[in-house]
$ cat protein-v7.tsv   # TSV, C-alpha atoms and all ligand atoms
chain	number	residue	atom	x	y	z
A	1	MET	CA	19.44	49.53	-45.26
A	2	THR	CA	22.25	47.53	-43.65
A	3	THR	CA	23.01	47.10	-39.97
A	4	GLY	CA	26.42	48.76	-40.45
A	5	THR	CA	28.16	45.89	-38.68
A	6	LEU	CA	28.92	42.41	-39.95
A	7	ALA	CA	26.86	39.47	-38.74
A	8	ARG	CA	28.41	37.21	-36.14
A	9	ILE	CA	29.51	33.87	-37.55
A	10	ILE	CA	27.78	30.78	-36.17
A	11	ASP	CA	30.65	28.36	-35.66
A	12	GLY	CA	29.05	25.01	-36.47
A	13	LYS	CA	32.42	23.30	-36.66
A	14	GLY	CA	33.32	24.30	-33.11
A	15	PHE	CA	29.82	23.55	-31.79
A	16	ALA	CA	29.86	20.10	-33.44
A	17	ALA	CA	33.27	19.32	-31.93
A	18	ARG	CA	31.96	20.21	-28.44
A	19	LEU	CA	28.81	18.15	-29.02
A	20	ARG	CA	30.87	15.11	-30.11
A	21	GLU	CA	33.00	15.51	-26.97
A	22	THR	CA	29.88	15.61	-24.75
A	23	ILE	CA	28.57	12.49	-26.50
A	24	ARG	CA	31.92	10.71	-26.06
A	25	ALA	CA	31.90	11.51	-22.33
A	26	GLU	CA	28.30	10.22	-21.98
A	27	VAL	CA	29.03	7.05	-23.95
A	28	ALA	CA	31.92	6.34	-21.56
A	29	THR	CA	29.46	6.23	-18.62
A	30	LEU	CA	26.91	3.90	-20.24
A	31	GLY	CA	28.34	0.50	-19.37
A	32	PHE	CA	27.63	-0.79	-22.89
A	33	THR	CA	28.73	0.19	-26.39
A	34	PRO	CA	26.19	1.85	-28.69
A	35	GLY	CA	26.51	0.57	-32.25
A	36	LEU	CA	25.82	2.39	-35.53
A	37	ALA	CA	25.46	0.42	-38.78
A	38	VAL	CA	25.96	2.35	-42.02
A	39	VAL	CA	24.97	0.75	-45.31
A	40	LEU	CA	26.56	2.03	-48.52
A	41	VAL	CA	25.36	0.65	-51.84
A	42	GLY	CA	27.44	1.47	-54.92
A	43	GLU	CA	30.39	3.71	-55.58
A	44	ASP	CA	29.04	7.29	-55.36
A	45	PRO	CA	32.24	9.24	-54.49
A	46	ALA	CA	30.55	11.84	-52.23
A	47	SER	CA	28.67	9.07	-50.36
A	48	LYS	CA	31.93	7.15	-49.83
A	49	VAL	CA	33.50	10.23	-48.19
A	50	TYR	CA	30.44	10.77	-45.96
A	51	VAL	CA	30.39	7.12	-44.90
A	52	SER	CA	34.08	7.03	-44.01
A	53	ASN	CA	33.74	10.30	-42.02
A	54	LYS	CA	30.75	8.86	-40.18
A	55	ALA	CA	32.64	5.68	-39.32
A	56	LYS	CA	35.68	7.63	-38.07
A	57	GLN	CA	33.64	9.95	-35.85
A	58	THR	CA	31.52	7.06	-34.54
A	59	VAL	CA	34.64	5.24	-33.33
A	60	GLU	CA	36.09	8.47	-31.88
A	61	ALA	CA	32.89	8.85	-29.83
A	62	GLY	CA	33.49	5.42	-28.30
A	63	MET	CA	30.74	3.70	-30.30
A	64	ALA	CA	30.97	0.62	-32.51
A	65	SER	CA	30.80	1.26	-36.25
A	66	PHE	CA	29.48	-1.47	-38.54
A	67	GLU	CA	30.07	-0.64	-42.19
A	68	HIS	CA	28.28	-2.61	-44.89
A	69	LYS	CA	29.52	-1.84	-48.39
A	70	LEU	CA	27.48	-3.48	-51.12
A	71	PRO	CA	27.92	-3.41	-54.91
A	72	ALA	CA	25.65	-1.22	-57.06
A	73	THR	CA	24.22	-4.44	-58.52
A	74	THR	CA	22.72	-5.45	-55.12
A	75	SER	CA	19.05	-6.41	-55.42
A	76	GLU	CA	16.39	-4.70	-53.33
A	77	GLN	CA	15.56	-8.06	-51.80
A	78	ASP	CA	19.17	-8.52	-50.58
A	79	LEU	CA	19.28	-4.96	-49.25
A	80	LEU	CA	15.99	-5.47	-47.38
A	81	ALA	CA	17.34	-8.74	-45.98
A	82	LEU	CA	20.43	-6.90	-44.64
A	83	VAL	CA	18.22	-4.23	-43.04
A	84	GLY	CA	16.19	-7.04	-41.45
A	85	ARG	CA	19.35	-8.59	-39.96
A	86	LEU	CA	20.47	-5.21	-38.60
A	87	ASN	CA	17.01	-4.63	-37.08
A	88	ALA	CA	17.39	-7.93	-35.21
A	89	ASP	CA	21.03	-7.42	-34.16
A	90	PRO	CA	21.22	-6.35	-30.47
A	91	ALA	CA	24.70	-4.80	-31.01
A	92	VAL	CA	23.18	-2.33	-33.50
A	93	HIS	CA	21.28	0.62	-31.99
A	94	GLY	CA	21.22	2.82	-35.09
A	95	ILE	CA	20.90	2.06	-38.81
A	96	LEU	CA	21.63	4.48	-41.61
A	97	VAL	CA	21.25	3.65	-45.29
A	98	GLN	CA	23.29	6.18	-47.23
A	99	LEU	CA	21.25	8.00	-49.89
A	100	PRO	CA	21.00	8.27	-52.84
A	101	LEU	CA	20.66	4.59	-53.71
A	102	PRO	CA	21.67	3.36	-57.18
A	103	PRO	CA	18.92	3.21	-59.83
A	104	GLY	CA	16.56	0.28	-59.42
A	105	LEU	CA	16.52	0.41	-55.60
A	106	ARG	CA	13.53	2.18	-54.03
A	107	ALA	CA	14.75	4.40	-51.19
A	108	GLU	CA	11.23	4.60	-49.65
A	109	ALA	CA	10.90	0.81	-49.44
A	110	VAL	CA	14.36	0.42	-47.90
A	111	ILE	CA	13.89	3.23	-45.38
A	112	GLU	CA	10.47	1.92	-44.37
A	113	ALA	CA	12.08	-1.45	-43.59
A	114	ILE	CA	14.24	0.13	-40.86
A	115	ASP	CA	12.97	-0.37	-37.30
A	116	PRO	CA	11.81	3.17	-36.31
A	117	ALA	CA	13.59	2.73	-32.96
A	118	LYS	CA	16.89	2.36	-34.90
A	119	ASP	CA	16.08	4.95	-37.60
A	120	VAL	CA	18.82	7.44	-36.63
A	121	ASP	CA	18.27	9.43	-39.85
A	122	GLY	CA	14.66	10.05	-38.74
A	123	LEU	CA	13.31	9.31	-42.23
A	124	THR	CA	10.75	6.57	-41.62
A	125	VAL	CA	7.10	7.56	-41.86
A	126	THR	CA	6.77	6.68	-38.17
A	127	ASN	CA	9.45	9.15	-37.08
A	128	ALA	CA	8.25	11.85	-39.53
A	129	GLY	CA	4.73	11.37	-38.15
A	130	ARG	CA	5.91	11.47	-34.54
A	131	LEU	CA	7.72	14.76	-35.25
A	132	ALA	CA	4.60	16.22	-36.88
A	133	ALA	CA	2.48	15.05	-33.93
A	134	GLY	CA	4.91	16.48	-31.37
A	135	LEU	CA	5.75	13.04	-29.97
A	136	PRO	CA	9.26	11.84	-29.07
A	137	GLY	CA	11.01	9.99	-31.88
A	138	LEU	CA	14.22	10.31	-33.86
A	139	VAL	CA	14.61	13.60	-35.74
A	140	PRO	CA	16.56	13.98	-39.03
A	141	CYS	CA	20.15	14.97	-38.27
A	142	THR	CA	20.67	18.15	-40.32
A	143	PRO	CA	17.42	19.79	-39.10
A	144	LEU	CA	18.29	18.86	-35.51
A	145	GLY	CA	21.72	20.44	-36.01
A	146	CYS	CA	20.10	23.65	-37.29
A	147	LEU	CA	17.85	23.83	-34.22
A	148	LEU	CA	20.75	23.31	-31.81
A	149	LEU	CA	22.72	26.12	-33.50
A	150	LEU	CA	19.71	28.46	-33.37
A	151	GLN	CA	19.08	27.76	-29.70
A	152	ASP	CA	22.76	28.27	-28.94
A	153	CYS	CA	22.86	31.76	-30.43
A	154	LEU	CA	19.29	32.97	-29.76
A	155	GLY	CA	18.15	31.03	-26.68
A	156	ASP	CA	14.33	30.88	-26.57
A	157	LEU	CA	12.89	30.94	-30.10
A	158	SER	CA	9.25	31.58	-29.03
A	159	GLY	CA	7.27	34.01	-31.14
A	160	ARG	CA	9.93	34.59	-33.77
A	161	GLU	CA	9.05	34.74	-37.48
A	162	ALA	CA	10.81	31.84	-39.17
A	163	VAL	CA	10.95	31.32	-42.93
A	164	VAL	CA	12.19	27.99	-44.28
A	165	VAL	CA	13.00	27.98	-47.99
A	166	GLY	CA	12.81	24.37	-49.24
A	167	ARG	CA	10.29	21.66	-48.30
A	168	SER	CA	12.11	18.36	-48.70
A	169	ASN	CA	11.34	15.49	-46.33
A	170	LEU	CA	15.04	15.37	-45.45
A	171	VAL	CA	15.58	19.02	-44.54
A	172	GLY	CA	12.89	21.68	-45.09
A	173	LYS	CA	9.83	19.94	-43.62
A	174	PRO	CA	11.50	18.65	-40.44
A	175	ILE	CA	13.18	22.01	-39.77
A	176	ALA	CA	9.79	23.72	-40.09
A	177	GLN	CA	8.26	21.18	-37.65
A	178	LEU	CA	11.05	21.71	-35.13
A	179	LEU	CA	10.69	25.50	-35.30
A	180	LEU	CA	6.93	25.19	-34.88
A	181	GLN	CA	7.51	23.05	-31.78
A	182	GLN	CA	9.68	25.88	-30.47
A	183	ASN	CA	6.72	28.26	-30.93
A	184	CYS	CA	8.05	30.10	-33.96
A	185	THR	CA	5.57	31.43	-36.54
A	186	VAL	CA	6.69	29.36	-39.49
A	187	THR	CA	6.37	30.02	-43.21
A	188	MET	CA	7.51	27.35	-45.66
A	189	ALA	CA	8.56	28.61	-49.08
A	190	HIS	CA	9.40	26.54	-52.17
A	191	SER	CA	9.82	26.72	-55.93
A	192	ARG	CA	6.20	27.80	-56.49
A	193	SER	CA	6.20	30.53	-53.83
A	194	ARG	CA	5.44	34.01	-55.15
A	195	ASN	CA	7.46	37.03	-54.01
A	196	LEU	CA	10.15	34.97	-52.33
A	197	PRO	CA	12.32	38.05	-51.54
A	198	GLU	CA	9.40	39.61	-49.66
A	199	ILE	CA	8.64	36.40	-47.77
A	200	CYS	CA	12.31	36.13	-46.74
A	201	ARG	CA	12.38	39.77	-45.58
A	202	ARG	CA	9.79	38.89	-42.89
A	203	ALA	CA	12.12	36.39	-41.27
A	204	ASP	CA	13.76	36.81	-37.88
A	205	ILE	CA	15.10	33.32	-38.63
A	206	LEU	CA	15.79	32.46	-42.26
A	207	VAL	CA	16.65	28.86	-43.11
A	208	ALA	CA	17.82	28.19	-46.68
A	209	ALA	CA	17.61	24.55	-47.81
A	210	VAL	CA	17.28	24.80	-51.57
A	211	GLY	CA	20.44	23.60	-53.32
A	212	ARG	CA	20.90	26.67	-55.57
A	213	ALA	CA	24.19	28.52	-55.25
A	214	GLU	CA	23.88	31.95	-53.59
A	215	MET	CA	20.23	32.30	-54.61
A	216	ILE	CA	19.23	34.29	-51.53
A	217	LEU	CA	20.53	37.82	-51.91
A	218	GLY	CA	21.63	40.26	-49.25
A	219	ASP	CA	18.62	42.56	-49.60
A	220	TRP	CA	16.24	39.62	-49.00
A	221	ILE	CA	17.43	39.55	-45.41
A	222	LYS	CA	15.84	41.54	-42.60
A	223	PRO	CA	18.48	43.57	-40.75
A	224	GLY	CA	19.63	41.63	-37.70
A	225	ALA	CA	18.05	38.31	-38.78
A	226	THR	CA	19.64	34.94	-38.04
A	227	VAL	CA	20.51	33.07	-41.25
A	228	ILE	CA	21.00	29.31	-41.34
A	229	ASP	CA	22.39	28.21	-44.70
A	230	VAL	CA	21.95	24.47	-45.23
A	231	GLY	CA	22.88	24.53	-48.93
A	232	ILE	CA	26.03	22.87	-50.18
A	233	ASN	CA	26.78	23.81	-53.78
A	234	ARG	CA	30.01	23.27	-55.69
A	235	VAL	CA	30.84	26.11	-58.08
A	236	ALA	CA	33.76	26.94	-60.38
A	237	ALA	CA	36.47	28.97	-58.63
A	238	GLY	CA	38.74	29.62	-61.62
A	239	ASP	CA	41.95	27.73	-62.49
A	240	GLY	CA	39.81	24.65	-63.06
A	241	LYS	CA	39.22	24.44	-59.30
A	242	THR	CA	35.90	24.41	-57.46
A	243	ARG	CA	34.73	25.72	-54.10
A	244	LEU	CA	31.70	25.18	-51.89
A	245	VAL	CA	29.07	27.88	-51.44
A	246	GLY	CA	25.71	27.91	-49.72
A	247	ASP	CA	22.25	28.96	-50.90
A	248	VAL	CA	22.84	32.45	-49.47
A	249	ALA	CA	25.09	35.13	-51.03
A	250	PHE	CA	27.29	35.16	-47.94
A	251	ALA	CA	29.23	38.46	-48.20
A	252	ALA	CA	26.12	40.56	-48.85
A	253	ALA	CA	24.06	38.63	-46.29
A	254	GLN	CA	26.71	39.16	-43.64
A	255	ARG	CA	26.20	42.93	-43.97
A	256	GLN	CA	22.48	42.52	-43.19
A	257	ALA	CA	22.16	39.64	-40.75
A	258	GLY	CA	22.80	39.48	-37.02
A	259	TRP	CA	24.06	35.89	-37.11
A	260	ILE	CA	24.94	33.69	-40.07
A	261	THR	CA	26.31	30.20	-40.71
A	262	PRO	CA	29.25	29.98	-43.13
A	263	VAL	CA	29.55	27.32	-45.85
A	264	PRO	CA	31.56	25.26	-45.22
A	265	GLY	CA	31.90	25.12	-41.42
A	266	GLY	CA	28.32	25.99	-40.44
A	267	VAL	CA	25.49	23.45	-40.66
A	268	GLY	CA	27.56	20.74	-42.41
A	269	PRO	CA	29.60	19.51	-39.40
A	270	MET	CA	26.43	19.36	-37.26
A	271	THR	CA	24.95	16.55	-39.35
A	272	ILE	CA	27.34	13.79	-38.23
A	273	ALA	CA	27.43	15.14	-34.66
A	274	CYS	CA	23.63	14.84	-34.55
A	275	LEU	CA	23.81	11.36	-36.08
A	276	LEU	CA	25.95	10.35	-33.09
A	277	ARG	CA	23.52	12.11	-30.76
A	278	ASN	CA	20.60	10.17	-32.30
A	279	THR	CA	22.53	6.91	-31.96
A	280	LEU	CA	23.13	7.65	-28.28
A	281	THR	CA	19.43	8.52	-27.85
A	282	ALA	CA	18.35	5.27	-29.56
A	283	ALA	CA	20.80	3.24	-27.46
A	284	ARG	CA	19.62	4.82	-24.21
A	285	ARG	CA	15.96	4.23	-25.06
A	286	ARG	CA	16.62	0.57	-25.93
A	287	GLU	CA	18.53	0.08	-22.70
A	288	ARG	CA	15.71	1.69	-20.70
A	289	ASP	CA	13.09	-0.44	-22.48
A	290	ASP	CA	15.17	-3.58	-21.84
A	291	VAL	CA	15.35	-2.70	-18.15
A	292	ILE	CA	11.58	-2.16	-18.05
A	293	SER	CA	10.82	-5.46	-19.82
A	294	ASN	CA	13.27	-7.31	-17.53
A	295	HIS	CA	11.42	-5.92	-14.52
A	296	GLU	CA	8.14	-7.02	-16.04
A	297	LEU	CA	9.51	-10.53	-16.39
A	298	VAL	CA	10.51	-10.72	-12.72
A	301	LIG	P1	15.85	18.97	-52.44
A	301	LIG	O1	16.30	19.12	-53.85
A	301	LIG	O2	15.22	17.69	-52.01
A	301	LIG	O3	14.81	20.13	-52.09
A	301	LIG	C1	15.04	21.44	-52.52
A	301	LIG	C2	13.88	22.33	-52.12
A	301	LIG	O4	14.17	23.64	-52.58
A	301	LIG	C3	12.55	21.90	-52.73
A	301	LIG	O5	11.54	21.95	-51.76
A	301	LIG	C4	12.31	22.93	-53.83
A	301	LIG	O6	10.96	23.29	-54.01
A	301	LIG	C5	13.04	24.14	-53.27
A	301	LIG	N1	13.45	25.02	-54.37
A	301	LIG	C6	14.11	24.69	-55.50
A	301	LIG	N2	14.29	25.77	-56.28
A	301	LIG	C7	13.73	26.81	-55.62
A	301	LIG	C8	13.58	28.19	-55.91
A	301	LIG	N3	14.05	28.73	-57.03
A	301	LIG	N4	12.95	28.96	-55.01
A	301	LIG	C9	12.46	28.43	-53.87
A	301	LIG	N5	12.58	27.13	-53.53
A	301	LIG	C10	13.20	26.33	-54.41
A	301	LIG	O7	17.12	19.31	-51.55
A	301	LIG	P2	17.44	18.95	-50.01
A	301	LIG	O8	16.39	19.51	-49.13
A	301	LIG	O9	17.82	17.53	-49.88
A	301	LIG	O10	18.80	19.79	-49.81
A	301	LIG	C11	18.81	21.20	-49.90
A	301	LIG	C12	20.25	21.68	-49.84
A	301	LIG	O11	20.79	21.32	-48.58
A	301	LIG	C13	21.19	21.08	-50.88
A	301	LIG	O12	22.14	22.06	-51.26
A	301	LIG	C14	21.87	19.96	-50.13
A	301	LIG	O13	23.17	19.69	-50.66
A	301	LIG	C15	21.98	20.58	-48.77
A	301	LIG	N6	22.09	19.60	-47.68
A	301	LIG	C16	23.04	19.83	-46.74
A	301	LIG	C17	23.18	18.98	-45.68
A	301	LIG	C18	24.21	19.28	-44.65
A	301	LIG	O14	24.66	18.40	-43.98
A	301	LIG	N7	24.60	20.55	-44.49
A	301	LIG	C19	22.36	17.76	-45.54
A	301	LIG	C20	21.32	17.66	-46.53
A	301	LIG	C21	21.21	18.55	-47.56
A	301	LIG	P3	9.84	22.26	-54.62
A	301	LIG	O15	9.50	21.35	-53.46
A	301	LIG	O16	8.72	23.16	-55.00
A	301	LIG	O17	10.50	21.55	-55.76

$ encode --input "protein-v7.tsv" --output "structure tokens" --more "lines below"
Ligand code: NDP
Amino acid sequence: MTTGTLARIIDGKGFAARLRETIRAEVATLGFTPGLAVVLVGEDPASKVYVSNKAKQTVEAGMASFEHKLPATTSEQDLLALVGRLNADPAVHGILVQLPLPPGLRAEAVIEAIDPAKDVDGLTVTNAGRLAAGLPGLVPCTPLGCLLLLQDCLGDLSGREAVVVGRSNLVGKPIAQLLLQQNCTVTMAHSRSRNLPEICRRADILVAAVGRAEMILGDWIKPGATVIDVGINRVAAGDGKTRLVGDVAFAAAQRQAGWITPVPGGVGPMTIACLLRNTLTAARRRERDDVISNHELV
């Protein structure tokens, strides 16, 4: 059974542009310049594009961008030393180490070295734990972007059945935690889940964060559901060209769902916008803490 009408498109690109504009306006009122340091190790072409986009949008938001490009041969000790310097640098409010790191560098060790108050990717154990415990912290950017889009189209999420397919620390787990905080009834599915189509059909909110092109089919979607497609998969498009598709078979899903994010132009643009939002949050908190400690000194 289909709904007979096509799902409304969730315009992540437009939402992200408005969010960046709001952030820019708030930064202009701060009286100081928030700073974001991005560390890129090696020559991964996709990572280079991400890092240059991040730097461009950081500057456009009125923040300072500190780019650190290191060769793939960098030792873990040198990388940890750089993170230590950035932790101590008062001009830096947010630190992001672009993943994946080249072989031989342990991402967990490097991420754990970041001061949780500057961990704008929300990946340290401290911030993951604070999210799980319902305490304020810094939340991973893509999951935060998904939540903002859901709240924008649905308003209050309380009581809704949410299914998250994928359980990575970067995407699936934090999205599930955020939805739980919003009083959704959350199911997490993964590669060992049985009857995945049936689990997905329960969802009022279906979040796909798998990394498998168009795996979620139209008849897995409950009529009228809201579908958030985090997946970014490059597939052959003929003529030797490629195109991006999500984890959801979009055309069929659009005939079932009430709302759906396109790929590209849905969740993707929210990630950098939320990185800027986290940098602003980190900067504001540091400023507030500095004011408090100055008062204590008086
Ligand atoms: P991971 O590879 O870390 O995790 C994938 C998850 O999908 C795992 O939990 C895995 O289960 C699950 N999975 C794999 N195969 C199946 C299957 N057949 N059925 C059910 N579950 C399955 O990926 P990420 O979470 O990092 O990323 C997911 C997708 O989101 C990717 O396409 C990535 O490119 C995209 N992405 C997009 C971003 C954006 O800005 N829009 C940002 C980050 C990621 P198990 O744990 O059992 O192995």

$ closest_atom_pairs --input "protein-v7.tsv" --of "chain A" --to "ligand LIG 301 (chain A)" --cutoff "6 Å" --atoms "only C-alpha atoms and all ligand atoms" --output "tab-separated table"
residue	atom	partner	partner_atom	distance
A:Thr142	CA	A:LIG301	O14	5.4
A:Val165	CA	A:LIG301	N5	5.6
A:Gly166	CA	A:LIG301	O4	3.7
A:Arg167	CA	A:LIG301	O5	3.7
A:Ser168	CA	A:LIG301	O8	4.5
A:Leu170	CA	A:LIG301	O9	5.7
A:Val171	CA	A:LIG301	O8	4.7
A:Gly172	CA	A:LIG301	O8	5.8
A:His190	CA	A:LIG301	N5	3.5
A:Ser191	CA	A:LIG301	N5	3.7
A:Arg192	CA	A:LIG301	O16	5.5
A:Ala209	CA	A:LIG301	C11	4.1
A:Val210	CA	A:LIG301	O4	3.5
A:Gly211	CA	A:LIG301	O12	3.1
A:Val230	CA	A:LIG301	O11	4.7
A:Gly231	CA	A:LIG301	O12	3.5
A:Ile232	CA	A:LIG301	O12	4.1
A:Asn233	CA	A:LIG301	O12	5.6
A:Val267	CA	A:LIG301	N7	4.9
A:Gly268	CA	A:LIG301	N7	3.6
A:Thr271	CA	A:LIG301	O14	5.0

$ residues_around --input "protein-v7.tsv" --residues "Arg234 (chain A)" --least-positions-apart "4" --cutoff "12 Å" --atoms "only C-alpha atoms" --output "list in words"
Ala46, Gly211, Arg212, Ala213, Glu214, Lys241, Thr242, Arg243, Leu244, Val245, Gly246, Asp247, Val263 and Pro264 of chain A

$ closest_atom_pairs --input "protein-v7.tsv" --of "region 42-150 of chain A" --to "region 177-188 of chain A" --cutoff "10 Å" --atoms "all atoms listed in the file" --output "tab-separated table"
residue	atom	partner	partner_atom	distance
A:Ala128	CA	A:Gln177	CA	9.5
A:Leu131	CA	A:Gln177	CA	6.9
A:Ala132	CA	A:Gln177	CA	6.2
A:Ala133	CA	A:Gln177	CA	9.2
A:Gly134	CA	A:Gln181	CA	7.1
A:Val139	CA	A:Leu178	CA	8.9
A:Pro143	CA	A:Leu178	CA	7.7
A:Leu144	CA	A:Leu178	CA	7.8
A:Cys146	CA	A:Leu178	CA	9.5
A:Leu147	CA	A:Leu178	CA	7.2
A:Leu150	CA	A:Leu179	CA	9.7

$ atom_distance --input "protein-v7.tsv" --atom1 "CA of Pro45 (chain A)" --atom2 "CA of Leu70 (chain A)"
14.0 Å

$ atom_distance --input "protein-v7.tsv" --atom1 "CA of Pro116 (chain A)" --atom2 "CA of Pro269 (chain A)"
24.4 Å

$ residues_around --input "protein-v7.tsv" --residues "Thr126 (chain A)" --least-positions-apart "3" --cutoff "10 Å" --atoms "all atoms listed in the file" --output "PyMOL selection string"
chain A and resi 112+115-117+119+122-123+129-132+137-138

$ decode --input "protein-v7.tsv" --residues "region 28-75 of chain A" --atoms "C-alpha atoms" --output "short mmCIF file (atom, residue, chain, number, x, y, z; two decimals), in the first residue's frame"
data_model
loop_
_atom_site.label_atom_id
_atom_site.label_comp_id
_atom_site.auth_asym_id
_atom_site.auth_seq_id
_atom_site.Cartn_x
_atom_site.Cartn_y
_atom_site.Cartn_z
CA ALA A 28 29.13 38.76 15.25
CA THR A 29 27.66 39.63 18.69
CA LEU A 30 30.20 37.69 20.77
CA GLY A 31 32.99 40.24 21.14
CA PHE A 32 35.63 37.57 20.48
CA THR A 33 36.42 35.22 17.60
CA PRO A 34 35.72 31.51 18.04
CA GLY A 35 38.48 29.38 16.52
CA LEU A 36 38.25 25.93 14.93
CA ALA A 37 41.41 23.87 14.34
CA VAL A 38 41.18 21.08 11.76
CA VAL A 39 43.97 18.52 11.54
CA LEU A 40 44.42 16.57 8.30
CA VAL A 41 47.01 13.82 8.17
CA GLY A 42 47.87 12.40 4.74
CA GLU A 43 46.46 12.85 1.28
CA ASP A 44 43.04 11.13 1.31
CA PRO A 45 41.25 12.99 -1.54
CA ALA A 46 37.75 12.92 0.06
CA SER A 47 39.20 14.15 3.38
CA LYS A 48 41.00 17.01 1.61
CA VAL A 49 37.69 18.18 0.08
CA TYR A 50 35.91 17.96 3.46
CA VAL A 51 38.67 19.90 5.21
CA SER A 52 38.73 22.70 2.64
CA ASN A 53 34.90 22.98 2.79
CA LYS A 54 35.06 23.14 6.57
CA ALA A 55 37.70 25.87 6.48
CA LYS A 56 35.71 27.93 3.94
CA GLN A 57 32.46 27.73 5.90
CA THR A 58 34.23 28.43 9.20
CA VAL A 59 35.62 31.70 7.82
CA GLU A 60 32.25 32.60 6.25
CA ALA A 61 30.67 32.22 9.71
CA GLY A 62 33.11 34.81 11.08
CA MET A 63 35.25 32.28 12.95
CA ALA A 64 38.99 31.70 12.73
CA SER A 65 40.08 28.56 10.89
CA PHE A 66 43.39 26.93 11.79
CA GLU A 67 44.34 24.23 9.30
CA HIS A 68 47.11 21.78 10.14
CA LYS A 69 48.11 19.58 7.22
CA LEU A 70 50.58 16.87 8.14
CA PRO A 71 52.25 14.22 5.96
CA ALA A 72 51.03 10.60 6.08
CA THR A 73 54.40 9.70 7.62
CA THR A 74 53.63 11.75 10.78
CA SER A 75 54.25 9.74 13.96
#
